[in-house]
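Q: As input, take target_5.csv (CSV, C-alpha atoms):
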```csv
chain,number,residue,atom,x,y,z
O,807,MET,CA,-59.9,4.2,3.1
O,808,SER,CA,-58.2,3.9,6.5
O,809,THR,CA,-58.1,0.1,6.4
O,810,ARG,CA,-57.9,-2.6,3.7
O,811,ARG,CA,-60.8,-4.4,5.3
O,812,GLY,CA,-63.0,-1.4,5.1
O,813,PHE,CA,-61.8,-0.5,1.7
O,814,LEU,CA,-62.5,-3.9,0.2
O,815,ARG,CA,-65.6,-4.7,2.3
O,816,SER,CA,-68.0,-4.6,-0.7
O,817,GLY,CA,-65.4,-4.3,-3.4
O,818,ALA,CA,-64.3,-0.7,-4.3
O,819,LEU,CA,-63.9,2.0,-6.8
O,820,ALA,CA,-61.2,4.5,-5.9
O,821,VAL,CA,-58.8,7.2,-6.8
O,822,PHE,CA,-55.6,7.2,-4.9
O,823,GLY,CA,-51.9,8.3,-4.9
O,824,VAL,CA,-48.9,6.0,-5.4
O,825,GLY,CA,-46.4,6.0,-2.6
O,826,ILE,CA,-42.8,7.1,-3.4
O,827,GLY,CA,-40.4,4.4,-4.3
O,828,GLY,CA,-42.7,1.4,-3.8
O,829,VAL,CA,-46.3,0.3,-3.9
O,830,PRO,CA,-49.3,1.6,-2.0
O,831,GLY,CA,-49.6,0.2,1.5
O,832,PHE,CA,-53.0,-1.5,0.9
O,833,VAL,CA,-51.6,-3.3,-2.2
O,834,ALA,CA,-48.7,-4.7,-0.1
O,835,ARG,CA,-51.1,-5.8,2.7
O,836,ALA,CA,-53.4,-7.4,0.1
O,837,ALA,CA,-50.4,-9.4,-1.3
O,838,ALA,CA,-49.4,-10.5,2.2
O,839,SER,CA,-53.0,-11.6,2.9
O,840,PHE,CA,-53.1,-13.5,-0.4
O,841,LYS,CA,-50.0,-15.5,0.6
O,842,ARG,CA,-51.5,-16.3,4.0
O,843,ASP,CA,-55.1,-17.1,3.0
O,844,GLN,CA,-54.7,-18.3,-0.6
O,845,LEU,CA,-56.5,-21.6,0.0
O,846,TYR,CA,-59.6,-20.0,1.5
O,847,LYS,CA,-60.6,-17.3,-1.0
O,848,ARG,CA,-60.7,-16.3,-4.6
O,849,ASN,CA,-58.0,-14.0,-6.0
O,850,LYS,CA,-58.2,-10.3,-5.4
O,851,ILE,CA,-58.1,-8.4,-8.7
O,852,LEU,CA,-56.8,-4.8,-9.1
O,853,ILE,CA,-58.0,-2.8,-12.1
O,854,CYS,CA,-55.8,0.3,-12.8
O,855,ILE,CA,-57.1,2.9,-15.3
O,856,PHE,CA,-54.7,5.7,-16.3
O,857,GLN,CA,-56.3,8.9,-17.4
O,858,ARG,CA,-53.7,10.3,-19.8
O,859,GLY,CA,-53.5,14.0,-20.4
O,860,ALA,CA,-54.1,15.2,-16.9
O,861,MET,CA,-57.7,15.4,-15.7
O,862,ASP,CA,-59.0,18.7,-14.2
O,863,GLY,CA,-59.8,17.4,-10.7
O,864,LEU,CA,-61.3,20.8,-9.7
O,865,MET,CA,-64.0,20.4,-12.4
O,866,ALA,CA,-64.5,16.7,-11.7
O,867,VAL,CA,-65.1,17.2,-8.0
O,868,THR,CA,-65.6,20.9,-7.5
O,869,PRO,CA,-65.1,22.6,-4.1
O,870,PHE,CA,-68.1,24.8,-4.8
O,871,THR,CA,-68.1,26.8,-1.6
O,872,ASP,CA,-64.7,28.3,-2.5
O,873,MET,CA,-65.4,31.7,-3.9
O,874,GLU,CA,-61.8,32.3,-4.9
O,875,LEU,CA,-62.2,29.3,-7.3
O,876,LYS,CA,-65.3,31.0,-8.7
O,877,LYS,CA,-63.3,34.2,-9.3
O,878,ALA,CA,-60.5,32.3,-11.0
O,879,ARG,CA,-63.0,30.4,-13.3
O,880,PRO,CA,-65.6,32.9,-14.4
O,881,THR,CA,-66.9,30.7,-17.3
O,882,LEU,CA,-65.9,27.2,-16.0
O,883,PHE,CA,-67.1,27.3,-12.4
O,884,MET,CA,-70.1,25.1,-11.6
O,885,ASP,CA,-72.2,24.8,-8.4
O,886,PRO,CA,-75.1,22.7,-7.2
O,887,THR,CA,-77.7,25.4,-7.7
O,888,ASN,CA,-77.2,26.4,-11.4
O,889,GLY,CA,-80.2,24.6,-12.8
O,890,ALA,CA,-80.5,21.5,-15.0
O,891,GLY,CA,-77.4,19.4,-15.1
O,892,LYS,CA,-76.1,20.8,-11.8
O,893,LEU,CA,-73.4,19.3,-9.7
O,894,PHE,CA,-74.2,16.4,-7.4
O,895,ASP,CA,-73.7,17.8,-3.9
O,896,LEU,CA,-71.6,15.2,-2.1
O,897,ASP,CA,-71.1,16.7,1.3
O,898,GLY,CA,-72.1,20.4,1.3
O,899,GLN,CA,-68.6,21.4,0.1
O,900,PHE,CA,-67.7,19.3,-2.9
O,901,GLY,CA,-69.8,18.6,-5.9
O,902,LEU,CA,-69.5,15.8,-8.6
O,903,HIS,CA,-69.7,16.8,-12.2
O,904,PRO,CA,-73.1,16.0,-13.7
O,905,SER,CA,-71.5,13.8,-16.4
O,906,PHE,CA,-70.5,11.4,-13.5
O,907,ALA,CA,-74.2,10.6,-13.1
O,908,SER,CA,-73.6,6.8,-13.6
O,909,LEU,CA,-71.0,6.8,-10.8
O,910,GLN,CA,-72.8,9.0,-8.3
O,911,PRO,CA,-75.0,6.2,-6.9
O,912,PHE,CA,-71.8,4.3,-6.0
O,913,PHE,CA,-70.6,7.3,-3.9
O,914,ALA,CA,-74.0,7.5,-2.2
O,915,ASP,CA,-73.7,3.8,-1.4
O,916,LYS,CA,-70.2,4.3,0.0
O,917,ARG,CA,-68.6,2.1,-2.6
O,918,LEU,CA,-66.8,4.9,-4.4
O,919,ALA,CA,-64.0,6.8,-2.7
O,920,ILE,CA,-62.5,10.1,-4.0
O,921,ALA,CA,-59.1,11.2,-2.9
O,922,HIS,CA,-58.9,14.9,-3.7
O,923,GLY,CA,-55.7,16.9,-4.0
O,924,VAL,CA,-53.4,13.8,-4.1
O,925,GLY,CA,-50.3,14.2,-6.2
O,926,SER,CA,-46.7,13.7,-6.9
O,927,PRO,CA,-44.1,15.7,-4.9
O,928,ASN,CA,-42.4,16.3,-8.2
O,929,ASN,CA,-43.8,19.5,-9.8
O,930,THR,CA,-42.9,18.8,-13.4
O,931,ARG,CA,-45.4,20.1,-16.0
O,932,SER,CA,-44.3,17.6,-18.6
O,933,HIS,CA,-46.9,15.0,-19.4
O,934,PHE,CA,-44.2,12.5,-20.3
O,935,ASP,CA,-42.1,12.9,-17.2
O,936,ALA,CA,-45.1,13.0,-14.9
O,937,GLN,CA,-46.6,9.8,-16.3
O,938,ASP,CA,-43.2,8.2,-16.1
O,939,TYR,CA,-42.8,9.1,-12.5
O,940,MET,CA,-46.3,8.1,-11.7
O,941,GLU,CA,-45.9,4.7,-13.3
O,942,SER,CA,-42.5,4.0,-11.9
O,943,GLY,CA,-43.5,5.1,-8.4
O,944,THR,CA,-40.3,7.0,-8.0
O,945,PRO,CA,-41.1,10.7,-8.8
O,946,PHE,CA,-37.5,12.0,-8.6
O,947,SER,CA,-35.7,9.2,-10.4
O,948,LYS,CA,-35.7,8.4,-14.1
O,949,SER,CA,-33.4,5.4,-13.7
O,950,THR,CA,-36.0,3.1,-12.1
O,951,SER,CA,-36.3,0.1,-14.5
O,952,SER,CA,-39.5,-1.3,-13.1
O,953,GLY,CA,-43.1,-0.1,-12.7
O,954,TRP,CA,-45.0,0.0,-9.5
O,955,LEU,CA,-47.6,-2.5,-10.7
O,956,ASN,CA,-45.0,-5.0,-11.7
O,957,ARG,CA,-43.4,-4.7,-8.3
O,958,ALA,CA,-46.8,-5.2,-6.7
O,959,VAL,CA,-47.2,-8.4,-8.8
O,960,GLY,CA,-43.9,-9.5,-7.5
O,961,LEU,CA,-45.1,-9.3,-3.9
O,962,MET,CA,-47.7,-12.1,-4.5
O,963,GLY,CA,-45.2,-14.8,-4.1
O,964,HIS,CA,-47.1,-17.7,-5.7
O,965,ASP,CA,-47.3,-19.6,-8.9
O,966,ALA,CA,-49.3,-17.7,-11.4
O,967,SER,CA,-51.2,-17.9,-14.7
O,968,PRO,CA,-49.7,-16.2,-17.8
O,969,PHE,CA,-52.8,-13.9,-17.3
O,970,ARG,CA,-51.8,-12.8,-13.9
O,971,ALA,CA,-51.0,-9.3,-15.2
O,972,VAL,CA,-52.6,-8.0,-18.4
O,973,SER,CA,-52.7,-4.6,-20.0
O,974,ILE,CA,-55.4,-4.0,-22.6
O,975,THR,CA,-53.2,-1.8,-24.7
O,976,GLY,CA,-51.1,-2.0,-27.8
O,977,ALA,CA,-47.9,-1.9,-25.8
O,978,LEU,CA,-46.9,-2.7,-22.3
O,979,PRO,CA,-47.4,0.4,-20.1
O,980,ARG,CA,-44.5,1.7,-17.9
O,981,SER,CA,-46.4,0.5,-14.8
O,982,LEU,CA,-45.9,-3.1,-15.8
O,983,TYR,CA,-42.2,-3.0,-16.8
O,984,GLY,CA,-40.1,-5.3,-14.7
O,985,SER,CA,-39.0,-8.8,-13.9
O,986,GLN,CA,-42.6,-10.2,-13.4
O,987,GLU,CA,-44.3,-11.5,-16.5
O,988,ALA,CA,-47.0,-9.3,-18.0
O,989,LEU,CA,-49.0,-9.3,-21.2
O,990,ALA,CA,-50.1,-6.4,-23.4
O,991,ILE,CA,-53.1,-7.4,-25.5
O,992,SER,CA,-55.0,-4.8,-27.5
O,993,ASN,CA,-57.8,-7.2,-28.6
O,994,LEU,CA,-58.4,-10.5,-27.0
O,995,ALA,CA,-60.1,-12.0,-30.0
O,996,ASP,CA,-57.2,-11.2,-32.3
O,997,PHE,CA,-54.8,-12.6,-29.7
O,998,ALA,CA,-56.8,-15.8,-29.5
O,999,LEU,CA,-57.2,-16.1,-33.2
O,1000,GLN,CA,-53.4,-16.5,-33.7
O,1001,THR,CA,-53.9,-20.2,-32.9
O,1002,LYS,CA,-57.6,-20.6,-34.0
O,1003,GLY,CA,-59.1,-21.1,-37.4
O,1004,ASN,CA,-57.4,-23.8,-39.5
O,1005,PRO,CA,-56.0,-26.2,-36.9
O,1006,MET,CA,-53.2,-27.5,-39.0
O,1007,ALA,CA,-52.0,-24.1,-40.2
O,1008,ALA,CA,-52.4,-22.7,-36.7
O,1009,ASN,CA,-50.3,-25.5,-35.2
O,1010,LEU,CA,-47.6,-25.0,-37.8
O,1011,THR,CA,-47.5,-21.3,-37.3
O,1012,ALA,CA,-47.4,-21.6,-33.5
O,1013,GLY,CA,-44.8,-24.3,-33.7
O,1014,SER,CA,-42.6,-22.2,-36.0
O,1015,PHE,CA,-42.8,-19.2,-33.8
O,1016,GLU,CA,-42.2,-21.2,-30.6
O,1017,GLU,CA,-39.0,-22.6,-32.2
O,1018,LEU,CA,-38.0,-19.1,-33.1
O,1019,TYR,CA,-38.5,-18.0,-29.5
O,1020,GLU,CA,-36.6,-21.0,-28.2
O,1021,GLN,CA,-33.6,-20.1,-30.3
O,1022,THR,CA,-33.4,-16.5,-29.3
O,1023,SER,CA,-30.5,-15.5,-27.1
O,1024,ASN,CA,-32.4,-12.7,-25.5
O,1025,ARG,CA,-33.7,-14.2,-22.2
O,1026,LEU,CA,-36.4,-11.6,-21.7
O,1027,LEU,CA,-37.8,-12.1,-25.2
O,1028,ASN,CA,-37.6,-15.8,-24.8
O,1029,ARG,CA,-39.6,-15.6,-21.5
O,1030,ALA,CA,-42.1,-13.2,-23.0
O,1031,GLY,CA,-42.6,-15.5,-26.0
O,1032,LYS,CA,-43.2,-18.5,-23.8
O,1033,GLU,CA,-45.7,-16.6,-21.6
O,1034,SER,CA,-47.6,-15.5,-24.7
O,1035,PHE,CA,-47.8,-19.0,-26.2
O,1036,GLU,CA,-49.0,-20.4,-22.8
O,1037,ALA,CA,-51.6,-17.7,-22.6
O,1038,LEU,CA,-52.8,-18.4,-26.2
O,1039,LYS,CA,-53.6,-22.0,-25.2
O,1040,MET,CA,-56.0,-20.8,-22.4
O,1041,LEU,CA,-58.2,-18.5,-24.5
O,1042,ASN,CA,-61.3,-19.6,-26.5
O,1043,VAL,CA,-62.0,-17.2,-29.3
O,1044,ASN,CA,-65.7,-18.2,-29.3
O,1045,ASP,CA,-66.1,-17.4,-25.6
O,1046,ILE,CA,-64.6,-14.0,-26.3
O,1047,LYS,CA,-66.7,-13.2,-29.4
O,1048,ASN,CA,-69.9,-14.5,-27.9
O,1049,TYR,CA,-69.5,-12.8,-24.5
O,1050,GLN,CA,-72.7,-11.5,-23.0
O,1051,PRO,CA,-72.5,-9.1,-20.0
O,1052,VAL,CA,-74.9,-9.3,-17.1
O,1053,ALA,CA,-78.5,-8.5,-18.3
O,1054,GLY,CA,-79.1,-4.8,-18.7
O,1055,VAL,CA,-75.4,-3.9,-18.9
O,1056,VAL,CA,-74.3,-2.0,-22.0
O,1057,TYR,CA,-70.7,-1.0,-22.4
O,1058,PRO,CA,-69.9,2.2,-24.3
O,1059,ASN,CA,-68.4,1.5,-27.7
O,1060,SER,CA,-65.3,3.4,-26.9
O,1061,PRO,CA,-61.7,2.5,-26.3
O,1062,LEU,CA,-62.1,2.4,-22.5
O,1063,GLY,CA,-65.5,0.7,-22.7
O,1064,ASN,CA,-64.1,-2.0,-24.9
O,1065,SER,CA,-61.0,-2.4,-22.7
O,1066,LEU,CA,-63.1,-2.9,-19.5
O,1067,LYS,CA,-65.4,-5.3,-21.3
O,1068,GLN,CA,-62.3,-7.4,-22.2
O,1069,ILE,CA,-61.1,-7.3,-18.7
O,1070,ALA,CA,-64.5,-8.6,-17.6
O,1071,VAL,CA,-64.2,-11.5,-20.0
O,1072,LEU,CA,-60.8,-12.4,-18.5
O,1073,ILE,CA,-62.2,-12.3,-15.0
O,1074,LYS,CA,-65.2,-14.4,-15.8
O,1075,MET,CA,-63.0,-17.0,-17.7
O,1076,LYS,CA,-61.3,-17.6,-14.3
O,1077,ILE,CA,-57.8,-17.9,-15.8
O,1078,GLY,CA,-55.8,-16.3,-13.0
O,1079,LEU,CA,-56.1,-12.5,-13.7
O,1080,GLU,CA,-54.9,-10.5,-10.7
O,1081,VAL,CA,-53.8,-7.1,-12.1
O,1082,ALA,CA,-55.3,-5.4,-15.2
O,1083,PHE,CA,-54.5,-2.1,-16.8
O,1084,ALA,CA,-56.5,0.1,-19.2
O,1085,GLU,CA,-56.2,3.7,-20.5
O,1086,SER,CA,-58.5,6.7,-21.0
O,1087,GLY,CA,-57.1,9.5,-23.1
O,1088,GLY,CA,-58.1,13.0,-24.1
O,1089,TRP,CA,-57.8,14.8,-20.7
O,1090,ASP,CA,-55.5,17.6,-21.9
O,1091,THR,CA,-58.1,20.3,-21.9
O,1092,HIS,CA,-56.3,23.5,-22.9
O,1093,PHE,CA,-59.1,24.7,-25.2
O,1094,ASN,CA,-62.9,25.0,-24.9
O,1095,GLN,CA,-63.0,22.7,-21.8
O,1096,GLY,CA,-66.7,23.5,-21.4
O,1097,THR,CA,-69.0,22.8,-18.4
O,1098,LEU,CA,-72.2,20.8,-19.0
O,1099,ASN,CA,-71.1,20.2,-22.6
O,1100,GLY,CA,-67.7,20.2,-24.3
O,1101,VAL,CA,-64.7,17.9,-24.4
O,1102,PHE,CA,-64.4,17.5,-20.6
O,1103,ALA,CA,-68.1,16.5,-20.2
O,1104,ARG,CA,-67.9,14.0,-23.1
O,1105,ASN,CA,-64.7,12.4,-21.6
O,1106,VAL,CA,-66.2,12.2,-18.2
O,1107,ARG,CA,-69.5,10.7,-19.5
O,1108,ASP,CA,-67.6,7.9,-21.3
O,1109,PHE,CA,-65.3,7.4,-18.4
O,1110,SER,CA,-68.1,7.2,-15.9
O,1111,ASP,CA,-70.4,5.0,-18.1
O,1112,SER,CA,-67.6,2.6,-18.9
O,1113,ILE,CA,-66.7,2.1,-15.3
O,1114,ALA,CA,-70.3,1.8,-14.2
O,1115,ALA,CA,-71.0,-0.8,-16.9
O,1116,PHE,CA,-67.9,-2.8,-15.8
O,1117,TRP,CA,-68.8,-2.6,-12.1
O,1118,ASN,CA,-72.4,-3.7,-12.7
O,1119,ASP,CA,-71.1,-6.5,-15.0
O,1120,MET,CA,-69.0,-7.6,-12.0
O,1121,SER,CA,-72.0,-8.1,-9.8
O,1122,ALA,CA,-70.9,-11.6,-8.7
O,1123,TYR,CA,-67.2,-10.6,-8.3
O,1124,GLN,CA,-67.4,-7.2,-6.6
O,1125,ASP,CA,-66.0,-8.6,-3.3
O,1126,GLU,CA,-62.8,-9.5,-5.2
O,1127,VAL,CA,-62.4,-6.5,-7.5
O,1128,THR,CA,-61.0,-3.1,-6.8
O,1129,VAL,CA,-61.0,-0.4,-9.5
O,1130,MET,CA,-58.6,2.5,-9.2
O,1131,THR,CA,-58.0,5.5,-11.5
O,1132,MET,CA,-55.1,7.9,-11.7
O,1133,THR,CA,-53.9,10.8,-13.8
O,1134,GLU,CA,-50.4,12.4,-14.1
O,1135,PHE,CA,-51.2,15.8,-12.5
O,1136,GLY,CA,-54.1,18.3,-12.2
O,1137,ARG,CA,-54.7,21.5,-13.9
O,1138,THR,CA,-54.4,25.2,-13.1
O,1139,VAL,CA,-56.9,26.8,-10.7
O,1140,ALA,CA,-57.4,29.8,-13.0
O,1141,GLN,CA,-58.8,29.2,-16.5
O,1142,ASN,CA,-56.8,30.4,-19.5
O,1143,GLY,CA,-57.8,32.8,-22.3
O,1144,THR,CA,-59.1,30.0,-24.5
O,1145,GLY,CA,-61.7,28.6,-22.2
O,1146,GLY,CA,-59.5,25.8,-20.9
O,1147,THR,CA,-57.0,25.0,-18.2
O,1148,ASP,CA,-53.3,24.5,-18.3
O,1149,HIS,CA,-50.7,22.3,-16.6
```
For this file, produce the structure as structure tokens.

A:
Amino acid sequence: MSTRRGFLRSGALAVFGVGIGGVPGFVARAAASFKRDQLYKRNKILICIFQRGAMDGLMAVTPFTDMELKKARPTLFMDPTNGAGKLFDLDGQFGLHPSFASLQPFFADKRLAIAHGVGSPNNTRSHFDAQDYMESGTPFSKSTSSGWLNRAVGLMGHDASPFRAVSITGALPRSLYGSQEALAISNLADFALQTKGNPMAANLTAGSFEELYEQTSNRLLNRAGKESFEALKMLNVNDIKNYQPVAGVVYPNSPLGNSLKQIAVLIKMKIGLEVAFAESGGWDTHFNQGTLNGVFARNVRDFSDSIAAFWNDMSAYQDEVTVMTMTEFGRTVAQNGTGGTDH
């Protein structure tokens, strides 16, 4: 991860920390490179997945040689020698949770990077504050009006498609707040259907709403409306509904799996996507966290299988795509009295 060239050499999957008050260095360098070499290469695409609820990094990637951790977690500690479903020994010191089985080969092939112990300098234990600081990129300021992803988009410095920045969520995430246009779409098919079906009725509806947006005095709403209508014209609902992943790829039928599948559709439609955002929930494991089984293992399995399916589906695009994941903070070293971990 020391250089952008090495990091993106074969495409990448990564976990990393966001710099204070700006955007990560490699994102800024990628944007500068795009402006220099735009005519000679396809767009680079960043996929950001936010794990909401605070994932337990010490269980995801366990420092299994640390006996103090074993004492602090008498029923949650795992090591690479505990039988079936054991940790994947990464380097003799850290072990990957067995539910990450579908991602382990990417680490072995040096296509997956794990940044352990990266966090915000703000020690708040509030999910809401921590997520807000993480997504704004300014961990000691609540007054920042923009998100770090929106600022990164602003560095691109070129004409863009309405689909340059898309969040597959019901509402725009804090990361994409700002002056650069971004779309929040929970379901691509529903979004496209707004102007499909009965052509006459669709045109009337679209025309009426476009007139409404034109008349509004709110400049932000006006611009967002225009972006949405431009985007609608670029989608083909049949291409979305009939989408077939690469042979052998099966996405989990879960919120994250479905979100990443829709991002794959946008990438393959070649309509200008450069930044995409998705969410994974359920990481607040205060109770019955479990080891090989339980809520943590189930979440990790879906998380891992969803990303693996997406990455394999991107076989022809991996040189252009980087997937990164982030969570608002970690969890306590010591387990609590209900078999879980706290903030």

Q: Ranking O:Leu994, O:Glu874, O:Leu982, O:Asn1118 by minimum distance to Gly1054 (chain O) and counting only C-alpha atoms, which one comes first?

A: O:Asn1118

Q: If we count only C-alpha atoms, what is near region 1074-1081 of chain O at a cut-off of 7 Å, once residues fewer than 5 positions away on the same chain are taken out, given as a list in words?

A: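 After dropping sequence-adjacent residues, the list is Asn849, Lys850, Ile851, Leu852, Ile853, Ala966, Ser967, Phe969, Arg970, Ala971 and Val972 of chain O.
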
Q: With a distance cut-off of 12 Å and only C-alpha atoms, select the neighbouring residues of Thr871 (chain O), excluding the residue or stretch itself and same-chain residues fewer than 4 positions from it, and output the selection as a ChimeraX atom specification.

A: /O:867,875-877,883-887,895,897-901

Q: Using all atoms listed in the file, determine which residues lie at most 10 Å from Ser985 (chain O), disregarding the query and same-chain residues fewer than 5 positions distant; provide the list as a list in words.

A: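 Neighbouring residues, sequence-local ones excluded: Ser951, Ser952, Gly953, Asn956, Arg957, Val959, Gly960 and Leu1026 of chain O.
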
Q: Applying 10 Å and all atoms listed in the file, which residues near Thr1138 (chain O) remain after dropping the ones on its own chain fewer than 6 positions away? List them as a list in words.

A: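 My reading of the contact set: Asp862, Gly863, Leu864, Ala878, Gly1146, Thr1147, Asp1148 and His1149 of chain O.
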
Q: Separation of CA of Arg1104 (chain O) and CA of Ala977 (chain O), in Å?

A: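 We find that CA of Arg1104 (chain O) and CA of Ala977 (chain O) lie 25.7 Å from each other.
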
Q: Where does region 887-906 of chain O meet region 1108-1117 of chain O within 12 Å, residue by residue, with the nearest atom pair and distance in Å to one decimal for each, counting only C-alpha atoms, listed by chain and rising number, as JSON lines?

A:
```
{"residue": "O:Leu902", "atom": "CA", "partner": "O:Ser1110", "partner_atom": "CA", "distance": 11.4}
{"residue": "O:His903", "atom": "CA", "partner": "O:Ser1110", "partner_atom": "CA", "distance": 10.4}
{"residue": "O:Pro904", "atom": "CA", "partner": "O:Ser1110", "partner_atom": "CA", "distance": 10.4}
{"residue": "O:Ser905", "atom": "CA", "partner": "O:Ser1110", "partner_atom": "CA", "distance": 7.4}
{"residue": "O:Phe906", "atom": "CA", "partner": "O:Ser1110", "partner_atom": "CA", "distance": 5.4}
```

Q: Kindly indicate which residue among O:Thr1131, O:Phe997, O:Phe1093, O:Ser1060 lies nearest to Gly1145 (chain O), using all atoms listed in the file for the distances.

A: O:Phe1093

Q: Please determine, counting only C-alpha atoms, which residue among O:Gly1096, O:Gly891, O:Pro945, O:Pro869 has the shortest atom-to-atom distance to Ser926 (chain O).

A: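 Of O:Gly1096, O:Gly891, O:Pro945, O:Pro869, the one nearest Ser926 (chain O) is O:Pro945, counting only C-alpha atoms.
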
Q: In Å to one decimal, how far is CA of Arg879 (chain O) from CA of Val1139 (chain O)?

A: 7.5 Å

Q: Residues within 7 Å of (-54.5, -5.6, -25.9), file coordinates, counting only C-alpha atoms: what are they? Give the list as a CSV table (one decimal) with C-alpha atoms, in the coordinates of the input.

A:
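Result file follows (result-v2.csv):
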```
chain,number,residue,atom,x,y,z
O,973,SER,CA,-52.7,-4.6,-20.0
O,974,ILE,CA,-55.4,-4.0,-22.6
O,975,THR,CA,-53.2,-1.8,-24.7
O,976,GLY,CA,-51.1,-2.0,-27.8
O,990,ALA,CA,-50.1,-6.4,-23.4
O,991,ILE,CA,-53.1,-7.4,-25.5
O,992,SER,CA,-55.0,-4.8,-27.5
O,993,ASN,CA,-57.8,-7.2,-28.6
O,994,LEU,CA,-58.4,-10.5,-27.0
```

Q: Point out the residue among O:Thr1097, O:Thr1133, O:Gln1050, O:Thr1128 with the least atom-to-atom distance to Thr881 (chain O), counting all atoms listed in the file.

A: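 Closest to Thr881 (chain O), using all atoms listed in the file: O:Thr1097.
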
Q: Please list, as a VMD selection string, the residues that have an atom at most 10 Å away from (-34.0, 11.2, -16.6) in the coordinates of this file, counting all atoms listed in the file.

A: chain O and resid 935 938 to 939 946 to 950
